[in-house]
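*Asks:* You'll find start37.cif just under this line, and it carries mmCIF, C-alpha atoms.
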```cif
data_final
#
loop_
_atom_site.label_atom_id
_atom_site.label_comp_id
_atom_site.auth_asym_id
_atom_site.auth_seq_id
_atom_site.Cartn_x
_atom_site.Cartn_y
_atom_site.Cartn_z
CA MET E 18 -1.08 0.01 -17.06
CA PRO E 19 1.75 -2.55 -17.31
CA LEU E 20 3.65 -3.78 -14.27
CA GLY E 21 6.44 -6.26 -13.87
CA GLY E 22 6.12 -9.26 -11.59
CA SER E 23 3.16 -11.42 -10.70
CA LEU E 24 0.55 -8.62 -10.72
CA GLN E 25 1.24 -7.82 -14.40
CA PHE E 26 -0.83 -4.62 -14.46
CA ILE E 27 -2.47 -1.92 -12.37
CA ASN E 28 -5.94 -0.56 -13.04
CA VAL E 29 -6.12 3.21 -13.47
CA TRP E 30 -9.33 5.17 -13.92
CA ALA E 31 -10.48 8.17 -15.96
CA ILE E 32 -13.66 9.99 -14.88
CA GLU E 33 -15.37 12.50 -17.15
CA ASP E 34 -14.77 15.95 -15.67
CA GLY E 35 -16.31 18.75 -17.68
CA GLU E 36 -14.29 19.17 -20.87
CA GLY E 37 -11.63 16.71 -19.75
CA TRP E 38 -10.83 13.76 -17.49
CA ALA E 39 -9.93 13.32 -13.84
CA VAL E 40 -7.42 10.48 -13.62
CA VAL E 41 -7.18 8.19 -10.56
CA ASP E 42 -3.70 6.60 -10.19
CA THR E 43 -1.08 6.55 -12.92
CA GLY E 44 1.10 3.44 -13.00
CA VAL E 45 4.82 3.26 -12.35
CA GLN E 46 7.36 5.48 -14.13
CA THR E 47 8.55 3.47 -17.11
CA ARG E 48 8.78 4.16 -20.82
CA GLU E 49 6.20 1.43 -21.44
CA THR E 50 3.70 3.10 -19.11
CA SER E 51 4.16 6.58 -20.54
CA GLN E 52 3.71 5.18 -24.04
CA ALA E 53 0.50 3.47 -22.93
CA TRP E 54 -0.75 6.77 -21.53
CA ARG E 55 0.06 8.63 -24.75
CA ALA E 56 -2.00 6.09 -26.65
CA ALA E 57 -4.84 6.49 -24.16
CA PHE E 58 -4.76 10.30 -24.42
CA ALA E 59 -5.13 10.10 -28.19
CA GLU E 60 -7.58 7.20 -28.41
CA ALA E 61 -9.72 6.20 -25.41
CA LEU E 62 -9.69 9.70 -23.90
CA GLY E 63 -10.42 11.39 -27.20
CA GLY E 64 -7.67 13.99 -27.04
CA LYS E 65 -9.33 15.77 -24.10
CA PRO E 66 -7.06 17.17 -21.36
CA ILE E 67 -6.46 15.77 -17.89
CA THR E 68 -8.08 18.13 -15.37
CA ARG E 69 -6.53 16.65 -12.19
CA VAL E 70 -4.56 13.63 -11.07
CA ILE E 71 -5.96 11.89 -8.00
CA VAL E 72 -3.65 9.37 -6.30
CA THR E 73 -4.93 6.82 -3.81
CA HIS E 74 -1.55 6.37 -2.09
CA LEU E 75 2.21 6.74 -2.33
CA HIS E 76 3.36 3.44 -3.84
CA PRO E 77 5.16 3.84 -7.19
CA ASP E 78 2.62 1.87 -9.21
CA HIS E 79 0.01 4.44 -8.14
CA ILE E 80 1.94 7.72 -8.11
CA GLY E 81 4.79 6.96 -10.49
CA LEU E 82 3.73 9.24 -13.36
CA ALA E 83 1.74 11.82 -11.38
CA GLY E 84 4.47 14.44 -11.69
CA TRP E 85 4.79 13.86 -15.42
CA MET E 86 1.05 14.10 -15.99
CA THR E 87 0.44 17.18 -13.82
CA ARG E 88 3.21 19.02 -15.66
CA LYS E 89 2.06 17.87 -19.09
CA PHE E 90 -1.49 19.14 -18.51
CA ASP E 91 -0.74 21.93 -16.01
CA CYS E 92 -3.13 20.42 -13.48
CA ARG E 93 -3.08 19.67 -9.75
CA LEU E 94 -2.18 16.51 -7.84
CA TRP E 95 -4.85 15.47 -5.31
CA MET E 96 -3.95 13.10 -2.45
CA THR E 97 -3.99 12.89 1.33
CA ARG E 98 -1.42 14.83 3.32
CA LEU E 99 0.39 11.89 4.91
CA GLU E 100 0.72 10.11 1.58
CA TYR E 101 2.13 13.19 -0.16
CA PHE E 102 4.72 14.04 2.48
CA GLN E 103 5.82 10.49 3.17
CA CYS E 104 6.30 9.99 -0.56
CA ARG E 105 8.46 13.12 -0.66
CA MET E 106 10.49 11.71 2.26
CA LEU E 107 11.04 8.34 0.61
CA VAL E 108 12.01 9.89 -2.71
CA ALA E 109 14.61 11.97 -0.84
CA ASP E 110 16.41 8.72 0.07
CA THR E 111 17.44 8.25 -3.57
CA GLY E 112 21.23 8.05 -3.75
CA ARG E 113 21.74 7.79 0.02
CA GLU E 114 23.67 4.99 1.65
CA ALA E 115 21.61 2.53 3.63
CA PRO E 116 21.21 3.79 7.21
CA GLU E 117 22.58 1.86 10.15
CA ASP E 118 19.06 1.77 11.64
CA GLY E 119 17.96 -0.28 8.66
CA VAL E 120 20.89 -2.66 8.96
CA ARG E 121 20.10 -3.24 12.65
CA PHE E 122 16.41 -3.71 11.84
CA PHE E 123 17.00 -6.50 9.33
CA ARG E 124 19.78 -8.10 11.34
CA ALA E 125 17.36 -8.27 14.27
CA ALA E 126 14.91 -10.09 11.98
CA GLY E 127 17.50 -12.82 11.36
CA TRP E 128 18.86 -11.79 7.96
CA ASP E 129 22.27 -13.17 7.02
CA GLU E 130 25.12 -11.03 5.67
CA ASP E 131 24.29 -11.70 2.02
CA ALA E 132 20.77 -10.39 2.55
CA ILE E 133 22.11 -7.34 4.43
CA GLU E 134 24.48 -6.56 1.56
CA ASN E 135 21.62 -6.87 -0.91
CA TYR E 136 19.58 -4.41 1.20
CA LYS E 137 22.46 -1.95 1.17
CA ALA E 138 22.86 -2.24 -2.61
CA ARG E 139 19.16 -1.70 -3.28
CA PHE E 140 18.49 1.04 -0.73
CA GLY E 141 17.13 4.27 -2.18
CA GLY E 142 15.51 2.63 -5.20
CA PHE E 143 11.98 3.85 -4.35
CA GLY E 144 12.44 7.23 -6.01
CA LYS E 145 13.73 5.74 -9.25
CA ALA E 146 10.23 4.51 -10.06
CA ILE E 147 8.62 7.94 -9.52
CA TYR E 148 8.72 10.95 -11.83
CA ALA E 149 9.64 14.14 -9.93
CA LEU E 150 6.67 15.01 -7.74
CA PRO E 151 4.93 18.36 -8.10
CA ASP E 152 5.94 20.85 -5.42
CA SER E 153 2.35 21.47 -4.35
CA TYR E 154 -0.81 19.40 -4.11
CA ARG E 155 -4.49 19.60 -3.19
CA ARG E 156 -5.19 17.77 0.06
CA LEU E 157 -7.84 15.06 0.31
CA SER E 158 -9.38 14.45 3.75
CA ASP E 159 -11.40 11.56 5.16
CA GLY E 160 -15.15 12.11 4.78
CA GLU E 161 -14.71 14.98 2.33
CA ASP E 162 -17.21 15.29 -0.53
CA PHE E 163 -16.06 16.81 -3.81
CA ASP E 164 -17.36 17.10 -7.35
CA ILE E 165 -16.11 15.32 -10.46
CA GLY E 166 -18.12 16.03 -13.61
CA GLY E 167 -21.25 17.04 -11.73
CA ARG E 168 -21.31 14.01 -9.42
CA THR E 169 -20.33 13.85 -5.77
CA TRP E 170 -17.48 11.59 -4.67
CA ARG E 171 -16.60 10.94 -1.02
CA VAL E 172 -13.14 10.22 0.37
CA VAL E 173 -12.91 7.14 2.62
CA THR E 174 -9.42 6.68 4.04
CA GLY E 175 -7.69 3.62 5.45
CA GLN E 176 -4.39 2.88 7.14
CA GLY E 177 -2.04 -0.09 7.35
CA HIS E 178 -1.11 -0.75 3.74
CA SER E 179 0.05 2.85 3.52
CA PRO E 180 -0.17 5.88 5.84
CA ASP E 181 -3.54 7.34 4.75
CA HIS E 182 -4.87 5.58 1.67
CA ALA E 183 -7.82 7.29 -0.07
CA CYS E 184 -10.71 5.31 -1.55
CA LEU E 185 -13.28 7.21 -3.63
CA TRP E 186 -16.99 6.40 -3.33
CA CYS E 187 -19.70 7.76 -5.63
CA PRO E 188 -23.20 6.87 -4.33
CA GLU E 189 -24.88 8.13 -7.51
CA LEU E 190 -22.83 5.83 -9.74
CA ASN E 191 -22.78 3.06 -7.12
CA LEU E 192 -19.00 2.79 -7.49
CA LEU E 193 -16.08 2.47 -5.08
CA ILE E 194 -12.56 3.05 -6.40
CA SER E 195 -10.81 1.00 -3.75
CA GLY E 196 -7.13 1.30 -4.74
CA ASP E 197 -5.24 -1.29 -2.72
CA GLN E 198 -7.54 -1.05 0.31
CA VAL E 199 -9.84 -3.88 -0.85
CA LEU E 200 -8.67 -6.27 -3.56
CA PRO E 201 -10.71 -9.22 -4.87
CA ARG E 202 -8.16 -12.05 -4.94
CA ILE E 203 -5.14 -10.99 -2.91
CA SER E 204 -4.54 -9.22 0.37
CA SER E 205 -2.49 -6.04 0.22
CA ASN E 206 0.91 -6.10 1.86
CA VAL E 207 0.84 -4.73 5.42
CA SER E 208 4.38 -4.21 6.66
CA VAL E 209 6.58 -2.79 9.39
CA PHE E 210 9.56 -0.75 8.13
CA PRO E 211 12.87 0.31 9.69
CA THR E 212 11.63 3.89 10.12
CA GLU E 213 9.03 2.74 12.70
CA PRO E 214 10.05 -0.71 13.97
CA ASP E 215 7.45 -0.87 16.75
CA ALA E 216 4.50 0.10 14.54
CA ASP E 217 1.31 -1.97 14.51
CA PRO E 218 0.00 -1.48 10.95
CA LEU E 219 -2.00 -4.70 10.96
CA SER E 220 -4.29 -3.40 13.71
CA ASP E 221 -4.66 -0.19 11.67
CA TRP E 222 -5.49 -2.28 8.61
CA LEU E 223 -8.13 -4.38 10.36
CA ARG E 224 -9.79 -1.27 11.83
CA SER E 225 -9.75 0.37 8.42
CA LEU E 226 -11.43 -2.58 6.75
CA ALA E 227 -14.16 -2.50 9.40
CA LYS E 228 -14.55 1.25 8.81
CA VAL E 229 -14.95 0.81 5.04
CA LYS E 230 -17.57 -1.87 5.65
CA ALA E 231 -19.48 0.43 8.03
CA THR E 232 -19.28 3.40 5.64
CA VAL E 233 -19.78 2.03 2.14
CA PRO E 234 -22.85 -0.06 1.23
CA ASP E 235 -22.41 -3.65 0.13
CA GLU E 236 -24.12 -3.20 -3.24
CA VAL E 237 -21.41 -1.00 -4.80
CA ILE E 238 -19.34 -2.17 -7.74
CA VAL E 239 -15.73 -2.14 -6.54
CA LEU E 240 -13.03 -0.88 -8.92
CA PRO E 241 -9.75 -2.20 -7.43
CA ALA E 242 -6.18 -1.37 -8.38
CA HIS E 243 -5.37 -5.00 -9.15
CA ASN E 244 -7.43 -7.86 -10.59
CA ASP E 245 -10.96 -7.36 -11.95
CA PRO E 246 -13.84 -5.18 -10.72
CA PHE E 247 -16.14 -7.09 -8.41
CA GLU E 248 -19.29 -7.05 -6.29
CA GLY E 249 -19.75 -8.27 -2.73
CA LEU E 250 -17.68 -5.66 -0.87
CA HIS E 251 -18.73 -6.69 2.63
CA THR E 252 -18.16 -10.39 2.01
CA ARG E 253 -14.69 -9.66 0.68
CA ILE E 254 -13.86 -7.44 3.67
CA ASP E 255 -15.01 -10.19 6.04
CA ALA E 256 -12.78 -12.66 4.19
CA LEU E 257 -9.76 -10.34 4.41
CA ILE E 258 -10.25 -9.80 8.15
CA SER E 259 -10.80 -13.49 8.91
CA GLY E 260 -7.80 -14.44 6.77
CA HIS E 261 -5.50 -12.23 8.81
CA GLU E 262 -6.98 -13.47 12.08
CA ARG E 263 -6.30 -17.05 11.01
CA GLY E 264 -2.75 -16.05 10.15
CA LEU E 265 -2.32 -14.52 13.59
CA ALA E 266 -3.59 -17.73 15.21
CA ARG E 267 -1.21 -19.91 13.16
CA LEU E 268 1.68 -17.63 14.01
CA GLU E 269 0.94 -17.67 17.73
CA LYS E 270 0.78 -21.47 17.66
CA LYS E 271 4.16 -21.62 15.89
CA LEU E 272 5.63 -19.48 18.67
CA SER E 273 5.19 -22.18 21.30
CA GLU E 274 8.95 -22.26 20.87
CA ARG E 275 10.84 -19.01 20.35
CA LYS E 276 11.56 -17.97 16.79
CA ARG E 277 13.24 -15.20 14.79
CA VAL E 278 11.21 -13.27 12.23
CA VAL E 279 12.70 -15.30 9.36
CA ASP E 280 11.62 -18.52 11.11
CA THR E 281 7.93 -17.55 11.04
CA PHE E 282 7.33 -17.31 7.28
CA GLY E 283 5.85 -20.80 7.01
CA ALA E 284 2.95 -19.83 9.28
CA LEU E 285 1.97 -16.87 7.08
CA PHE E 286 2.93 -17.55 3.46
CA ALA E 287 1.98 -20.42 1.18
CA ARG E 288 5.03 -20.09 -1.09
CA PRO E 289 8.77 -20.25 -0.38
CA ILE E 290 10.40 -16.87 0.38
CA GLY E 291 13.44 -16.23 -1.78
CA PRO E 292 15.72 -13.16 -1.89
CA ASP E 293 13.28 -11.21 -4.09
CA LEU E 294 10.47 -11.52 -1.54
CA LEU E 295 12.52 -11.41 1.66
CA GLY E 296 11.98 -7.71 2.42
CA MET E 297 8.23 -7.81 1.87
CA ALA E 298 7.84 -11.06 3.83
CA THR E 299 9.90 -9.69 6.72
CA GLY E 300 7.78 -6.54 6.91
CA GLU E 301 4.54 -8.49 6.83
CA ALA E 302 5.71 -11.05 9.41
CA LEU E 303 6.73 -8.20 11.71
CA ALA E 304 3.30 -6.61 11.26
CA HIS E 305 1.70 -9.82 12.55
CA LEU E 306 4.23 -10.19 15.37
CA ASN E 307 3.80 -6.59 16.52
CA CYS E 308 0.03 -7.04 16.44
CA LEU E 309 0.32 -10.09 18.70
CA ILE E 310 2.65 -8.17 21.02
CA ARG E 311 0.10 -5.33 21.21
CA ARG E 312 -2.60 -7.88 22.05
CA GLY E 313 -0.45 -9.29 24.84
CA ARG E 314 -0.12 -12.68 23.16
CA VAL E 315 3.60 -12.61 22.31
CA LYS E 316 6.79 -11.30 23.89
CA ARG E 317 10.08 -10.28 22.27
CA GLU E 318 13.61 -10.57 23.60
CA VAL E 319 16.80 -9.35 21.93
CA ASP E 320 19.96 -11.39 22.36
CA GLY E 321 23.54 -10.15 22.66
CA ASP E 322 23.98 -10.19 18.87
CA GLY E 323 21.00 -7.88 18.33
CA VAL E 324 18.71 -10.65 17.04
CA ALA E 325 15.08 -10.52 18.20
CA TRP E 326 13.39 -13.71 19.39
CA TYR E 327 9.62 -14.08 19.72
CA ALA E 328 7.62 -16.47 21.90
CA ALA E 329 3.96 -16.87 22.81
CA ASN E 330 2.89 -15.73 26.25
CA SER E 331 -0.02 -18.15 26.38
CA SER E 332 0.65 -21.70 27.54
CA GLU E 333 -2.14 -22.79 25.18
CA ALA E 334 -0.30 -21.47 22.09
#
```
Do you think you could lay out the structure here as C-alpha cells?

*Replies:*
Amino acid sequence: MPLGGSLQFINVWAIEDGEGWAVVDTGVQTRETSQAWRAAFAEALGGKPITRVIVTHLHPDHIGLAGWMTRKFDCRLWMTRLEYFQCRMLVADTGREAPEDGVRFFRAAGWDEDAIENYKARFGGFGKAIYALPDSYRRLSDGEDFDIGGRTWRVVTGQGHSPDHACLWCPELNLLISGDQVLPRISSNVSVFPTEPDADPLSDWLRSLAKVKATVPDEVIVLPAHNDPFEGLHTRIDALISGHERGLARLEKKLSERKRVVDTFGALFARPIGPDLLGMATGEALAHLNCLIRRGRVKREVDGDGVAWYAANSSEA
C-alpha cells in the first residue's frame, strides 16, 4: 500500500481464511490507500470478504484503515492490548494543544524556539492518519496459537519500536510476518517520547530481537512491513543488534565532552537531520542515551535553563 516519504510503500498481507481473507496490517488512512484496497477486494482477493483484521502495532501505516475495514466487513480487529489502548490514547490527542511536558522535553533536548513552535503546530496529528478505531477488539497475547484457514499461527511479541508489537509465525508454511520488528535493509525507529522521558526502549528492543532469534527458526521466509521478503532471519537479527551496539559505542566516545541531545546526531545518523527528521532523530538519540545511562556509562545533568547535558562516566570514552 502506498506511503509518502522514503519508504514509498508498506507491505500488507492477506491469508486465506475459510470463505474469506484474514488481513494483516492495512496501510495509512488516505484516499489513495482506500482506493488500492477497493481494487484488491475486487481483483486479487476475488470479491471474498475480510474475516478479520490483524494489526501488528499501532503506527498509522499499520492500523490506519483498520476501523474502516472492520466496519465495511463487520469483522473484528485483532491486536495486542497495549497497542490497542495506546493507539486509542494517542488518537485522543487530536485537536489538543501541545502539553507543557512536551515543550519541556524538547527544550531539554536542545531544540530552538522555531523547532518548539513547529512541534506545537503539529501536535495531535497522529489521529488524522487513522480511521476511527473500532470500540472493541480481540486481544493477541505472546505465545498464543490461533488458527487461520486451518493452519496454526503463533504470536511472538517484541517491545521497543512500539509497546507490544505482534509478529505472526506459521511453522507449517515456514513464514514469519515480522511487521517492523525485523526489516531487511533498515532498522526500525526506537524512540523515547515526552510521555515517558526516562524510558529505555533500546534495551527492550535488543532483548526482543534476541527473543525472536531464540523462538523462531532461521530457515523461515520473513515477510516484513517494508522492503522485500527475505531469508536469513538470524543473520539479520545479529546485524541489527551489532549495529545498535556500534552506535552506542560511537555515542559514548562522542560524550568524552558533554553534549546536548541535538549535538549527538552525528554519532548515530549518516545523513543530516533537518526539521522534518528532528523529532524522530531526537527520540532515537534519547533512546541510545537512556540505554547508556541504564548501563552506567553516561550521566545526565540539567542546567538552569532546563537543558540536559550528557557526558560519559568512563575515562576511556

*Asks:* Might you pull out every residue within 12 Å of Asp129 in chain E, with only C-alpha atoms counted and same-chain residues fewer than 3 positions away left off, and present them as a PyMOL selection string?

*Replies:* chain E and resi 120-121+123-126+132-136+279+292+295+324

*Asks:* Mind checking which residues fall within 10 Å of range 220-230 of chain E, counting all atoms listed in the file, ignoring those fewer than 3 positions away in the same chain, and posting them as number ranges by chain?

*Replies:* E: 173-180, 182, 184, 195, 198-199, 205, 207, 216-217, 233-235, 250-255, 257-259, 261-262, 304-305, 307-309, 311-312

*Asks:* Run the PyMOL selection byres ((chain E and resi 67-75) around 9) on the file and write out the hits as JSON, numbers by chain.

*Replies:* {"E": [31, 34, 35, 36, 37, 38, 39, 40, 41, 42, 43, 58, 65, 66, 76, 77, 78, 79, 80, 81, 83, 86, 87, 89, 90, 91, 92, 93, 94, 95, 96, 97, 100, 101, 103, 104, 179, 180, 181, 182, 183, 184, 185, 194, 195, 196, 197]}

*Asks:* Please measure the separation of CA of Ala59 in chain E and CA of Val45 in chain E, giving the value in Å to one decimal.

*Replies:*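 Going from CA of Ala59 in chain E over to CA of Val45 in chain E, I get 19.9 Å.
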
*Asks:* Between CA of Leu150 in chain E and CA of Ala56 in chain E, measure the distance and give it in Å to one decimal.

*Replies:* 22.6 Å

*Asks:* I need the residue nearest Arg139 in chain E from this list: E:Gly323, E:Gly167, E:Gly22, E:Gly112. Use all atoms listed in the file for the distance.

*Replies:*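 Of E:Gly323, E:Gly167, E:Gly22, E:Gly112, the one nearest Arg139 in chain E is E:Gly112, counting all atoms listed in the file.
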
*Asks:* Within 12 Å of (1.2, -22.0, 8.3) (file coordinates; all atoms listed in the file), which protein or nucleic acid residues are there? I'd like them as number ranges by chain.

*Replies:* E: 260-261, 263-272, 280-289, 302

*Asks:* Point out the residue among E:Glu301, E:Asp320, E:Glu236, E:Glu33 with the least atom-to-atom distance to Ala61 in chain E, counting all atoms listed in the file.

*Replies:*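 Selected residue with least distance to Ala61 in chain E: E:Glu33.
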
*Asks:* Using all atoms listed in the file, which of E:Leu99, E:Val278, E:Val29, E:Ala109 sits nearest Gly300 in chain E?

*Replies:*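 Of E:Leu99, E:Val278, E:Val29, E:Ala109, the one nearest Gly300 in chain E, counting all atoms listed in the file, is E:Val278.
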
*Asks:* Between E:Asp159, E:Gly296, E:Ala149, E:Pro218, which residue has the minimum interatomic distance to Thr232 in chain E, considering all atoms listed in the file?

*Replies:*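 Selected residue with least distance to Thr232 in chain E: E:Asp159.
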
*Asks:* Distance CA of Leu306 in chain E-CA of Lys276 in chain E, one decimal place?

*Replies:* 10.8 Å

*Asks:* Using only C-alpha atoms for the distances, tell me which of E:Thr212, E:Ala138, E:Arg171, E:Phe247 is nearest to Leu200 in chain E.

*Replies:*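 Nearest to Leu200 in chain E: E:Phe247.
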
*Asks:* Give me the result of the PyMOL selection byres ((chain E and resi 113) around 12) on this file, residue by residue, as a list in words.

*Replies:*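 Applied to this file, the PyMOL selection byres ((chain E and resi 113) around 12) returns Leu107, Val108, Ala109, Asp110, Thr111, Gly112, Glu114, Ala115, Pro116, Glu117, Lys137, Ala138, Arg139, Phe140, Gly141, Gly142, Phe143 and Gly144 of chain E.
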
*Asks:* Just write the chosen residues, C-alpha atoms, as a PDB file, in the coordinates of the input.

*Replies:*
```pdb
ATOM      1  CA  LEU E 107      11.040   8.340   0.610  1.00  0.00           C
ATOM      2  CA  VAL E 108      12.010   9.890  -2.710  1.00  0.00           C
ATOM      3  CA  ALA E 109      14.610  11.970  -0.840  1.00  0.00           C
ATOM      4  CA  ASP E 110      16.410   8.720   0.070  1.00  0.00           C
ATOM      5  CA  THR E 111      17.440   8.250  -3.570  1.00  0.00           C
ATOM      6  CA  GLY E 112      21.230   8.050  -3.750  1.00  0.00           C
ATOM      7  CA  GLU E 114      23.670   4.990   1.650  1.00  0.00           C
ATOM      8  CA  ALA E 115      21.610   2.530   3.630  1.00  0.00           C
ATOM      9  CA  PRO E 116      21.210   3.790   7.210  1.00  0.00           C
ATOM     10  CA  GLU E 117      22.580   1.860  10.150  1.00  0.00           C
ATOM     11  CA  LYS E 137      22.460  -1.950   1.170  1.00  0.00           C
ATOM     12  CA  ALA E 138      22.860  -2.240  -2.610  1.00  0.00           C
ATOM     13  CA  ARG E 139      19.160  -1.700  -3.280  1.00  0.00           C
ATOM     14  CA  PHE E 140      18.490   1.040  -0.730  1.00  0.00           C
ATOM     15  CA  GLY E 141      17.130   4.270  -2.180  1.00  0.00           C
ATOM     16  CA  GLY E 142      15.510   2.630  -5.200  1.00  0.00           C
ATOM     17  CA  PHE E 143      11.980   3.850  -4.350  1.00  0.00           C
ATOM     18  CA  GLY E 144      12.440   7.230  -6.010  1.00  0.00           C
TER      19      GLY E 144
END
```

*Asks:* How would you write, as a list of chain:residue names, the residues chosen by the PyMOL selection byres ((chain E and resi 190) around 12) on this structure?

*Replies:*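 Evaluating the PyMOL selection byres ((chain E and resi 190) around 12) on this file yields E:Ile32, E:Ile165, E:Gly166, E:Gly167, E:Arg168, E:Thr169, E:Trp170, E:Arg171, E:Leu185, E:Trp186, E:Cys187, E:Pro188, E:Glu189, E:Asn191, E:Leu192, E:Leu193, E:Ile194, E:Glu236, E:Val237, E:Ile238, E:Val239, E:Leu240.
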